[in-house]
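File shown: query.csv (CSV, C-alpha atoms).
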chain,number,residue,atom,x,y,z
A,3,MET,CA,0.0,0.0,0.0
A,4,LEU,CA,2.8,2.5,0.9
A,5,GLU,CA,4.4,1.9,-2.5
A,6,GLN,CA,1.2,3.3,-4.1
A,7,TYR,CA,2.0,6.6,-2.4
A,8,GLY,CA,5.7,6.5,-3.6
A,9,LEU,CA,6.9,5.6,-0.1
A,10,HIS,CA,9.4,3.0,1.0
A,11,GLU,CA,8.4,3.2,4.7
A,12,SER,CA,5.6,4.7,6.7
A,13,PRO,CA,6.1,8.3,7.7
A,14,PHE,CA,3.2,8.1,10.1
A,15,SER,CA,4.7,6.3,13.0
A,16,GLY,CA,3.7,7.8,16.3
A,17,ASN,CA,6.9,6.7,18.0
A,18,PRO,CA,9.1,9.4,19.5
A,19,LEU,CA,12.0,10.7,17.4
A,20,THR,CA,15.2,9.5,19.1
A,21,ASN,CA,19.0,9.3,18.5
A,22,ASP,CA,18.5,5.8,17.2
A,23,ASN,CA,17.8,7.5,13.8
A,24,THR,CA,19.6,10.9,13.8
A,25,LYS,CA,18.7,11.6,10.2
A,26,PHE,CA,15.0,11.2,11.0
A,27,LEU,CA,15.5,13.3,14.2
A,28,GLU,CA,17.3,16.1,12.5
A,29,ASP,CA,15.1,16.3,9.4
A,30,CYS,CA,11.6,15.9,11.0
A,31,PHE,CA,11.8,17.7,14.3
A,32,VAL,CA,10.1,21.1,14.1
A,33,GLY,CA,9.0,23.8,16.6
A,34,ARG,CA,9.7,24.2,20.3
A,35,GLU,CA,12.1,27.0,19.7
A,36,GLU,CA,11.2,28.8,23.0
A,37,SER,CA,11.6,25.6,25.0
A,38,PHE,CA,15.0,24.9,23.4
A,39,LYS,CA,16.2,28.4,24.2
A,40,LEU,CA,15.1,28.1,27.8
A,41,LEU,CA,16.8,24.7,28.1
A,42,THR,CA,20.0,26.1,26.7
A,43,ASN,CA,20.0,29.1,29.0
A,44,GLN,CA,19.3,27.0,32.1
A,45,LEU,CA,22.1,24.6,31.3
A,46,GLU,CA,24.5,27.5,31.0
A,47,ILE,CA,23.4,28.8,34.4
A,48,GLY,CA,23.8,25.3,35.9
A,49,ASN,CA,20.2,24.7,37.0
A,50,ALA,CA,18.5,21.4,37.1
A,51,ILE,CA,15.6,21.4,34.6
A,52,MET,CA,12.1,19.8,34.5
A,53,ILE,CA,10.3,19.1,31.2
A,54,ILE,CA,6.7,18.3,31.6
A,55,GLY,CA,3.7,17.4,29.5
A,56,THR,CA,0.5,15.7,30.7
A,57,ARG,CA,-0.6,13.8,27.6
A,58,SER,CA,1.2,11.0,25.9
A,59,GLY,CA,2.4,11.9,22.5
A,60,ILE,CA,2.9,15.6,23.3
A,61,GLY,CA,6.5,15.3,22.4
A,62,LYS,CA,8.6,15.2,25.6
A,63,THR,CA,10.9,12.3,24.5
A,64,SER,CA,11.3,13.7,21.0
A,65,PHE,CA,12.2,17.1,22.4
A,66,ILE,CA,14.8,16.0,24.8
A,67,HIS,CA,16.5,13.7,22.2
A,68,TYR,CA,16.5,16.5,19.7
A,69,ALA,CA,17.6,19.2,22.1
A,70,LEU,CA,20.5,17.3,23.5
A,71,TYR,CA,21.6,16.0,20.1
A,72,LYS,CA,21.8,19.7,18.9
A,73,LEU,CA,23.9,20.4,22.0
A,74,LYS,CA,26.3,17.5,21.5
A,75,ASP,CA,29.2,19.7,20.6
A,76,ARG,CA,29.0,21.5,23.9
A,77,TYR,CA,27.9,18.7,26.3
A,78,PHE,CA,28.2,15.0,26.7
A,79,TYR,CA,24.8,13.5,27.5
A,80,VAL,CA,22.9,10.3,28.3
A,81,ILE,CA,19.2,9.8,28.4
A,82,LEU,CA,17.9,7.1,30.7
A,83,ASN,CA,14.4,5.6,30.6
A,84,THR,CA,13.2,5.7,34.3
A,85,GLU,CA,12.6,2.3,35.7
A,86,GLU,CA,9.7,1.7,38.0
A,87,ASN,CA,11.6,-0.3,40.6
A,88,TRP,CA,14.8,1.7,40.7
A,89,ASN,CA,16.6,1.9,44.1
A,90,GLU,CA,19.7,3.9,44.9
A,91,GLU,CA,22.0,1.1,43.8
A,92,THR,CA,20.3,0.3,40.5
A,93,LEU,CA,19.8,3.9,39.5
A,94,LEU,CA,23.5,4.8,40.1
A,95,SER,CA,24.6,1.6,38.3
A,96,ASP,CA,22.4,2.4,35.3
A,97,ILE,CA,23.7,5.9,35.0
A,98,ILE,CA,27.3,4.6,35.0
A,99,TYR,CA,26.5,1.8,32.5
A,100,GLU,CA,24.8,4.3,30.2
A,101,ILE,CA,27.6,6.7,30.3
A,102,ILE,CA,30.2,4.1,29.5
A,103,ASP,CA,28.1,2.7,26.7
A,104,SER,CA,27.6,6.1,25.2
A,105,LEU,CA,31.3,7.0,25.4
A,106,ASN,CA,32.2,4.0,23.3
A,107,LYS,CA,30.1,4.1,20.2
A,108,ASN,CA,32.7,2.3,18.0
A,109,ASP,CA,34.5,-0.9,18.8
A,110,LYS,CA,32.7,-1.0,22.2
A,111,LYS,CA,34.6,-3.9,23.7
A,112,THR,CA,38.1,-2.5,23.1
A,113,ALA,CA,37.1,1.0,24.0
A,114,THR,CA,35.4,-0.1,27.2
A,115,ILE,CA,38.5,-2.1,28.3
A,116,MET,CA,40.8,0.8,27.7
A,117,PHE,CA,38.4,3.2,29.5
A,118,LEU,CA,38.2,0.9,32.5
A,119,LYS,CA,41.9,0.3,32.7
A,120,ARG,CA,42.5,4.0,33.0
A,121,PHE,CA,40.2,3.9,36.0
A,122,ALA,CA,41.7,0.8,37.6
A,123,GLU,CA,43.3,2.8,40.4
A,124,ARG,CA,40.6,5.4,40.8
A,125,ILE,CA,37.4,3.3,40.9
A,126,PRO,CA,36.9,0.8,43.7
A,127,SER,CA,37.7,-2.7,42.5
A,128,THR,CA,34.2,-4.0,43.3
A,129,ILE,CA,32.6,-1.4,41.1
A,130,LEU,CA,35.1,-2.0,38.4
A,131,PHE,CA,34.2,-5.6,38.5
A,132,ARG,CA,30.5,-4.8,38.2
A,133,ILE,CA,31.1,-2.7,35.1
A,134,ALA,CA,33.4,-5.2,33.5
A,135,GLU,CA,30.8,-7.9,34.2
A,136,ARG,CA,28.1,-5.7,32.6
A,137,PHE,CA,30.1,-5.3,29.4
A,138,HIS,CA,31.4,-8.9,29.4
A,139,VAL,CA,35.1,-7.9,29.7
A,140,THR,CA,36.0,-9.5,33.1
A,141,ASP,CA,38.7,-11.8,31.6
A,142,GLU,CA,40.4,-8.9,30.0
A,143,LEU,CA,40.5,-6.9,33.3
A,144,LYS,CA,41.2,-9.7,35.7
A,145,GLU,CA,44.7,-8.4,36.3
A,146,VAL,CA,43.6,-5.0,37.5
A,147,ILE,CA,40.5,-6.2,39.5
A,148,THR,CA,41.0,-7.3,43.1
A,149,LEU,CA,37.9,-8.0,45.1
A,150,GLU,CA,38.3,-7.3,48.7
A,151,LYS,CA,34.8,-6.4,50.0
A,152,GLY,CA,32.9,-8.7,52.3
A,153,SER,CA,29.4,-10.1,52.0
A,154,TYR,CA,27.9,-7.1,53.8
A,155,TYR,CA,29.5,-4.5,51.5
A,156,ASP,CA,27.4,-1.4,50.9
A,157,PRO,CA,28.1,-0.3,47.3
A,158,ILE,CA,26.3,3.1,47.4
A,159,PRO,CA,29.3,5.2,48.6
A,160,ASP,CA,31.6,3.6,46.0
A,161,LEU,CA,29.0,4.0,43.2
A,162,LYS,CA,28.6,7.7,44.1
A,163,GLU,CA,32.4,8.3,44.1
A,164,SER,CA,32.8,6.3,40.8
A,165,LEU,CA,30.2,8.4,39.1
A,166,LYS,CA,31.9,11.6,40.2
A,167,LYS,CA,35.2,10.5,38.9
A,168,ILE,CA,33.8,9.3,35.6
A,169,ILE,CA,32.1,12.7,35.1
A,170,GLU,CA,35.3,14.5,35.9
A,171,GLU,CA,37.2,12.3,33.5
A,172,ILE,CA,34.7,13.2,30.7
A,173,TYR,CA,35.3,16.9,31.4
A,174,ASN,CA,39.1,16.6,31.4
A,175,SER,CA,39.4,14.4,28.3
A,176,ASN,CA,36.6,15.8,26.1
A,177,ASN,CA,37.4,19.5,25.7
A,178,HIS,CA,35.8,20.4,29.0
A,179,LYS,CA,32.4,19.0,28.1
A,180,GLU,CA,30.1,18.8,31.1
A,181,THR,CA,27.7,15.9,31.4
A,182,ILE,CA,23.9,16.0,31.1
A,183,ILE,CA,22.0,13.2,32.6
A,184,ALA,CA,18.3,13.1,31.6
A,185,PHE,CA,15.6,10.9,33.2
A,186,ASP,CA,12.9,10.3,30.7
A,187,ASP,CA,9.4,9.0,31.7
A,188,LEU,CA,10.0,9.9,35.4
A,189,ASP,CA,6.3,9.1,36.0
A,190,ASN,CA,7.2,5.5,35.7
A,191,MET,CA,8.3,5.7,39.4
A,192,THR,CA,5.8,5.8,42.3
A,193,ILE,CA,5.9,8.7,44.6
A,194,THR,CA,6.9,6.4,47.5
A,195,ASN,CA,9.9,5.2,45.6
A,196,MET,CA,10.8,8.7,44.4
A,197,LYS,CA,11.0,9.9,48.0
A,198,LYS,CA,13.2,7.0,49.1
A,199,VAL,CA,15.6,7.2,46.1
A,200,PHE,CA,15.9,10.9,45.3
A,201,ARG,CA,16.2,12.1,48.9
A,202,SER,CA,19.1,9.7,49.6
A,203,LEU,CA,20.8,10.7,46.3
A,204,LYS,CA,20.5,14.4,46.8
A,205,ASP,CA,24.3,14.9,46.9
A,206,VAL,CA,24.7,13.0,43.6
A,207,PHE,CA,22.4,15.5,41.9
A,208,GLN,CA,24.7,18.3,43.0
A,209,THR,CA,27.8,16.7,41.5
A,210,GLY,CA,30.1,19.2,39.8
A,211,ARG,CA,30.4,19.1,36.0
A,212,ALA,CA,26.9,17.5,35.8
A,213,HIS,CA,23.5,18.7,34.9
A,214,TYR,CA,20.2,16.8,35.5
A,215,VAL,CA,17.1,17.0,33.4
A,216,PHE,CA,13.9,15.4,34.6
A,217,ILE,CA,11.1,14.6,32.0
A,218,GLY,CA,7.7,13.5,33.1
A,219,LYS,CA,4.1,14.5,33.7
A,220,GLU,CA,3.1,17.6,35.6
A,221,TRP,CA,2.7,15.7,39.0
A,222,THR,CA,6.3,14.6,38.9
A,223,TYR,CA,7.4,18.3,39.2
A,224,ASN,CA,5.3,18.8,42.2
A,225,ALA,CA,6.5,15.5,43.7
A,226,LEU,CA,10.2,16.4,43.3
A,227,ARG,CA,9.6,19.9,44.8
A,228,GLY,CA,8.1,18.2,47.8
A,229,ILE,CA,11.0,15.8,48.1
A,230,MET,CA,13.9,18.2,47.5
A,231,PRO,CA,12.5,21.7,47.8
A,232,ASP,CA,15.9,23.4,47.9
A,233,PHE,CA,17.1,21.6,44.8
A,234,ILE,CA,14.1,21.4,42.6
A,235,ASN,CA,13.4,25.1,42.7
A,236,ILE,CA,13.8,25.1,38.9
A,237,PRO,CA,12.3,26.4,35.8
A,238,ILE,CA,9.7,24.3,34.1
A,239,ILE,CA,9.6,23.7,30.3
A,240,ASN,CA,5.9,22.9,29.8
A,241,LEU,CA,5.4,21.5,26.3
A,242,GLU,CA,1.6,21.7,26.8
A,243,LYS,CA,2.0,25.5,26.7
A,244,ASP,CA,4.7,25.5,24.0
A,245,ARG,CA,2.7,23.2,21.7
A,246,LEU,CA,3.3,22.7,18.0
A,247,THR,CA,1.6,25.2,15.7
A,248,LEU,CA,-0.4,24.1,12.7
A,249,ASP,CA,2.4,25.3,10.5
A,250,ASP,CA,4.8,23.1,12.5
A,251,VAL,CA,2.7,20.1,11.9
A,252,ILE,CA,2.3,20.8,8.2
A,253,LYS,CA,6.1,21.2,7.9
A,254,SER,CA,6.9,18.1,9.9
A,255,VAL,CA,4.5,15.9,7.8
A,256,GLU,CA,5.9,17.1,4.6
A,257,LYS,CA,9.4,16.5,5.8
A,258,ARG,CA,8.4,12.9,6.8
A,259,MET,CA,6.9,12.2,3.4
A,260,ILE,CA,9.9,13.4,1.5
A,261,LEU,CA,12.3,11.5,3.8
A,262,MET,CA,10.4,8.3,3.2
A,263,ARG,CA,10.1,8.8,-0.6
A,264,LYS,CA,11.1,5.9,-2.8
A,265,GLU,CA,14.0,6.9,-4.9
A,266,GLY,CA,13.0,8.3,-8.3
A,267,GLU,CA,9.3,8.3,-7.5
A,268,ARG,CA,6.8,11.1,-6.7
A,269,VAL,CA,5.2,11.3,-3.3
A,270,ILE,CA,1.4,11.3,-3.4
A,271,TYR,CA,0.1,13.0,-0.3
A,272,PRO,CA,-2.9,11.2,1.4
A,273,TYR,CA,-4.8,14.5,1.6
A,274,LYS,CA,-6.0,16.9,-1.1
A,275,ASP,CA,-5.3,20.1,0.8
A,276,LYS,CA,-3.9,21.4,4.1
A,277,ASN,CA,-7.5,21.6,5.6
A,278,VAL,CA,-7.1,17.9,6.3
A,279,LEU,CA,-4.2,18.6,8.6
A,280,LYS,CA,-6.0,21.5,10.2
A,281,LYS,CA,-8.9,19.1,10.9
A,282,LEU,CA,-6.6,16.6,12.5
A,283,TYR,CA,-4.9,19.4,14.4
A,284,ASP,CA,-8.2,20.5,15.9
A,285,ILE,CA,-9.4,16.9,16.7
A,286,TYR,CA,-6.2,16.0,18.5
A,287,GLU,CA,-5.4,19.5,20.0
A,288,GLY,CA,-2.0,19.6,18.3
A,289,ASN,CA,-0.9,16.2,19.6
A,290,MET,CA,1.5,15.0,16.9
A,291,ARG,CA,1.0,11.3,17.7
A,292,GLY,CA,-2.7,11.5,17.2
A,293,ILE,CA,-2.3,13.5,14.0
A,294,LEU,CA,0.0,10.9,12.5
A,295,HIS,CA,-2.4,8.1,13.5
A,296,GLY,CA,-5.1,10.0,11.8
A,297,LEU,CA,-3.1,10.3,8.6
A,298,ALA,CA,-2.4,6.5,8.7
A,299,SER,CA,-6.1,6.0,8.6
A,300,ALA,CA,-6.3,8.3,5.5
A,301,VAL,CA,-3.7,6.1,3.7
A,302,SER,CA,-5.9,3.1,4.3
A,303,PHE,CA,-8.5,4.4,1.8
A,304,LYS,CA,-7.0,2.5,-1.1
A,305,ASN,CA,-9.8,0.6,-2.9
A,306,VAL,CA,-11.9,2.3,-5.5
A,307,ASN,CA,-14.0,0.0,-7.7
A,308,ASN,CA,-11.7,-2.8,-6.7
A,309,THR,CA,-8.8,-0.9,-8.1
A,310,ILE,CA,-5.8,-0.3,-5.8
A,311,LYS,CA,-4.6,3.3,-6.1
A,312,PRO,CA,-3.6,6.1,-3.8
A,313,ILE,CA,-6.6,8.1,-2.6
A,314,GLN,CA,-6.5,11.7,-1.4
A,315,VAL,CA,-9.1,12.4,1.3
A,316,THR,CA,-10.9,15.6,2.1
A,317,GLU,CA,-11.3,17.1,5.5
A,318,ASN,CA,-14.9,15.7,5.8
A,319,GLU,CA,-13.8,12.2,4.8
A,320,ILE,CA,-11.0,12.1,7.4
A,321,PHE,CA,-13.4,13.5,10.0
A,322,ASP,CA,-16.0,10.8,9.2
A,323,LYS,CA,-13.4,8.1,9.1
A,324,ILE,CA,-12.0,8.9,12.6
A,325,LYS,CA,-15.4,9.4,14.1
A,326,SER,CA,-16.7,6.1,12.6
A,327,ASP,CA,-13.7,4.1,13.9
A,328,LEU,CA,-14.0,5.7,17.3
A,329,LYS,CA,-17.7,5.1,17.5
A,330,GLU,CA,-17.2,1.4,16.7
A,331,GLU,CA,-14.7,1.2,19.5
A,332,ILE,CA,-17.0,2.9,22.0
A,333,GLU,CA,-19.9,0.6,21.1
A,334,GLU,CA,-17.7,-2.3,22.4
A,335,LEU,CA,-17.4,-0.7,25.8
A,336,GLU,CA,-19.3,-2.0,28.8
A,337,ASP,CA,-22.1,0.1,30.2
A,338,GLY,CA,-20.0,1.1,33.2
A,339,GLU,CA,-17.2,2.3,31.0
A,340,LYS,CA,-19.6,4.4,28.9
A,341,LEU,CA,-20.8,5.8,32.2
A,342,VAL,CA,-17.3,6.9,33.0
A,343,LEU,CA,-17.0,8.7,29.7
A,344,LYS,CA,-20.4,10.4,30.1
A,345,LYS,CA,-19.5,11.6,33.6
A,346,LEU,CA,-16.2,13.0,32.3
A,347,ALA,CA,-17.9,14.7,29.4
A,348,ASN,CA,-20.2,16.5,31.9
A,349,ALA,CA,-17.5,17.2,34.5
A,350,LYS,CA,-16.5,20.8,35.1
A,351,GLY,CA,-13.4,21.6,33.1
A,352,GLY,CA,-13.6,18.1,31.5
A,353,MET,CA,-12.0,16.5,34.5
A,354,LEU,CA,-13.3,14.2,37.2
A,355,SER,CA,-11.4,14.1,40.5
A,356,PHE,CA,-11.0,11.2,42.8
A,357,VAL,CA,-13.3,12.8,45.4
A,358,ASN,CA,-16.0,13.1,42.8
A,359,ILE,CA,-16.4,9.4,42.4
A,360,ILE,CA,-16.4,8.3,46.0
A,361,ASN,CA,-19.9,7.5,47.4
A,362,LYS,CA,-19.7,9.1,50.9
A,363,ARG,CA,-22.3,6.8,52.6
A,364,PRO,CA,-20.3,4.5,54.8
A,365,HIS,CA,-22.3,1.3,54.0
A,366,GLN,CA,-21.5,1.6,50.3
A,367,ASN,CA,-18.3,1.2,48.4
A,368,ARG,CA,-17.1,3.3,45.5
A,369,THR,CA,-19.4,3.7,42.5
A,370,ASN,CA,-19.0,1.8,39.2
A,371,VAL,CA,-17.3,5.0,38.0
A,372,SER,CA,-14.3,4.5,40.3
A,373,ILE,CA,-14.1,0.8,39.5
A,374,TYR,CA,-13.8,1.5,35.8
A,375,LEU,CA,-11.5,4.5,36.1
A,376,ASN,CA,-9.1,2.2,37.9
A,377,GLY,CA,-9.4,-0.3,35.0
A,378,PRO,CA,-8.1,-0.3,31.5
A,379,LEU,CA,-10.0,2.7,30.0
A,380,GLU,CA,-7.1,3.9,27.8
A,381,PRO,CA,-7.1,5.3,25.1
A,382,TYR,CA,-10.3,7.1,26.1
A,383,VAL,CA,-9.1,8.8,29.2
A,384,TYR,CA,-5.9,9.9,30.8
A,385,ILE,CA,-4.8,10.7,34.3
A,386,LYS,CA,-3.7,14.1,35.4
A,387,ARG,CA,-2.2,15.1,38.8
A,388,LYS,CA,-2.1,18.5,40.3
A,389,SER,CA,0.2,17.2,43.0
A,390,GLY,CA,1.8,14.0,44.0
A,391,LYS,CA,-1.5,12.6,45.4
A,392,ASP,CA,-4.5,14.3,43.7
A,393,GLU,CA,-5.7,12.3,40.7
A,394,TYR,CA,-7.9,13.7,37.9
A,395,TRP,CA,-9.3,11.8,35.0
A,396,ALA,CA,-9.8,13.6,31.7
A,397,LEU,CA,-11.1,12.7,28.3
A,398,GLN,CA,-8.7,12.3,25.5
A,399,PRO,CA,-8.9,15.2,23.0
A,400,GLU,CA,-10.6,13.3,20.2
A,401,ILE,CA,-13.3,12.0,22.5
A,402,LYS,CA,-14.0,15.6,23.7
A,403,TYR,CA,-14.0,16.9,20.1
A,404,PHE,CA,-16.7,14.4,18.8
A,405,ILE,CA,-18.8,14.9,21.9
A,406,LYS,CA,-18.9,18.6,21.2
A,407,SER,CA,-19.9,18.0,17.6
A,408,ASP,CA,-22.5,15.3,18.5
A,409,GLU,CA,-24.3,15.2,21.8
A,410,THR,CA,-25.4,11.6,21.2
A,411,PHE,CA,-21.9,10.4,20.5
A,412,LEU,CA,-21.7,8.3,23.7
A,413,ASP,CA,-25.2,7.0,23.5
Conversion result in structure tokens:
Amino acid sequence: MLEQYGLHESPFSGNPLTNDNTKFLEDCFVGREESFKLLTNQLEIGNAIMIIGTRSGIGKTSFIHYALYKLKDRYFYVILNTEENWNEETLLSDIIYEIIDSLNKNDKKTATIMFLKRFAERIPSTILFRIAERFHVTDELKEVITLEKGSYYDPIPDLKESLKKIIEEIYNSNNHKETIIAFDDLDNMTITNMKKVFRSLKDVFQTGRAHYVFIGKEWTYNALRGIMPDFINIPIINLEKDRLTLDDVIKSVEKRMILMRKEGERVIYPYKDKNVLKKLYDIYEGNMRGILHGLASAVSFKNVNNTIKPIQVTENEIFDKIKSDLKEEIEELEDGEKLVLKKLANAKGGMLSFVNIINKRPHQNRTNVSIYLNGPLEPYVYIKRKSGKDEYWALQPEIKYFIKSDETFLD
């Protein structure tokens, strides 16, 4: 089907743009100029930085990958995906492993051995052994590793010291590049675990030559401020406020189409005019992931009188297609799940808080609304938090859009 449009690969993937494909990242990332400027300024000052965005697909991961890639000549950086069950030891270990892995892009094994040998006298032998084991080079380093720690050894102090020395080494051997350590998807952690881990590692986050960037939903900022108020007194880059413009979306889609073009062939766009992209922009409130998924639906219109050929849809056709597909999905929901959506649609501000769904009479449990809200209602609702504890459920943009256009949409 893609070949009919002159494409060798789908340009409509909703996956984040990452350093795994720097050509795609450089060519297709658009917008966020103000956020990039703020990030750059705060790094120069030395502040820790928080990047937030409530909805999935708003572009947090793409932004941090793009921004740090653009700054690669000035900073060394690593981006870690936050693990739900991180403790102090595993978090520190993962930072060190990621740094060493990122330092040695070519001939990893040889480069890792040479790097670790340089640290043989500066990093505790137990930590050196852990790193060597992680990169499968213990045999090559057995002459410089001497394990002396007993069975009750606490690795945290040595991990902290090792990280500091590695960051200092990067600065001294890479033209005075300071290190940026970014934690993506910080909301993967629970607040309880955050409190335990981040409080105890506060000194690590104040390491010289290092900058820390935290990426997550809005509640993670409030949570970190409660955990480390004197440290997380930092500027917020809110991508919900610095959202992509319609022109950004149009430019990005065109860049994606050209990048995925089959050599020597003309790209046929799946829409007749830019009004289709405007319609998608309105339906998904500028969320790029939703817009790309909507365009993928447009490409699926390929059969006309049993002849396969590329079809260009109008704004009304894409509207009807998305609405029809969504309506079919909603009809599959249970009555209790539909009740949730109806209550959310009628909630003030489009959000339903936890206290709204508790039946206060002592002899009754929570209503069906709370039961279904705590179940798998995605992709129809998403959770917001104004603080670390207060939960709010809101409708996804496309659901809100079609309810406004059709009061019977949920019936």
Selected residue of minimal separation from Tyr403 in chain A among A:Tyr286, A:Phe216, A:Phe200, A:Phe65, counting only C-alpha atoms: A:Tyr286
Atomic separation - CA of Lys166 in chain A relative to CA of Phe78 in chain A, Å: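 We find that CA of Phe78 in chain A and CA of Lys166 in chain A lie 14.4 Å from each other.
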Straight-line distance linking CA of Lys325 in chain A with CA of Ile405 in chain A, stated in Å to one decimal: 10.1 Å
Neighbour list for range 242-254 of chain A as a PyMOL selection string, cut-off 7 Å, only C-alpha atoms, skip fewer than 3 positions in-chain: chain A and resi 30-34+37+55+257-258+279-280+283+288
Selection export as a compact mmCIF listing (two decimals), in the frame of the given file, atoms kept: C-alpha atoms:
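Below is the file part24.txt, written as the result:
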# COMPACT_ATOMS: atom_id res chain seq x y z
CA CYS A 30 11.60 15.90 11.00
CA PHE A 31 11.80 17.70 14.30
CA VAL A 32 10.10 21.10 14.10
CA GLY A 33 9.00 23.80 16.60
CA ARG A 34 9.70 24.20 20.30
CA SER A 37 11.60 25.60 25.00
CA GLY A 55 3.70 17.40 29.50
CA LYS A 257 9.40 16.50 5.80
CA ARG A 258 8.40 12.90 6.80
CA LEU A 279 -4.20 18.60 8.60
CA LYS A 280 -6.00 21.50 10.20
CA TYR A 283 -4.90 19.40 14.40
CA GLY A 288 -2.00 19.60 18.30
Top pick for closest residue to Met259 in chain A, considering A:Leu203, A:Val315, A:Leu4, A:Ala50 and counting all atoms listed in the file: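 Of the candidates, the smallest distance to Met259 in chain A is held by A:Leu4.
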Contact residues around range 371-386 of chain A with only C-alpha atoms at 6 Å, ignoring same-chain residues under 2 positions, as a list in words: Glu339, Val342, Ile359, Thr369, Glu393, Tyr394, Trp395, Ala396, Leu397 and Gln398 of chain A
Straight-line distance linking CA of Ile81 in chain A with CA of Met52 in chain A, stated in Å to one decimal: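 Straight-line distance from CA of Ile81 in chain A to CA of Met52 in chain A works out to 13.7 Å.
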Among the residues A:Met290, A:Ile66, A:Ile115, A:Leu335, the one that comes closest to Thr20 in chain A [using all atoms listed in the file]: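 Among A:Met290, A:Ile66, A:Ile115, A:Leu335, it is A:Ile66 that comes nearest to Thr20 in chain A.
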Close residues, Ile285 in chain A itself excluded, 10 Å, all atoms listed in the file, min 6 positions apart in chain, as a PyMOL selection string: chain A and resi 279+292-293+296+321+324-325+398-404
Exercise: range 226-231 of chain A partners within 12 Å, only C-alpha atoms, chain neighbours under 4 positions left out, as an NGL selection string: :A and (50-52 or 188-189 or 191-205 or 207-208 or 216-222 or 235-238 or 389-391)
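Closest to Asp96 in chain A among A:Lys72, A:Lys274, A:Lys25, A:Arg132 is A:Arg132, based on only C-alpha atoms.
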Option closest in space to Asp413 in chain A, from A:Lys167, A:Leu343, A:Glu86, A:Thr112 [counting all atoms listed in the file]: A:Leu343
Nearest to Val301 in chain A by atom-to-atom distance, counting all atoms listed in the file, from A:Lys281, A:Lys323, A:Arg136, A:Lys110: A:Lys323
Test item: which residues lie within 12 Å of (41.0, 1.2, 26.4) counting all atoms listed in the file, as a list in words: Ile102, Leu105, Asn106, Asn108, Asp109, Lys110, Lys111, Thr112, Ala113, Thr114, Ile115, Met116, Phe117, Leu118, Lys119, Arg120, Phe121, Ala122, Val139, Glu142 and Leu143 of chain A
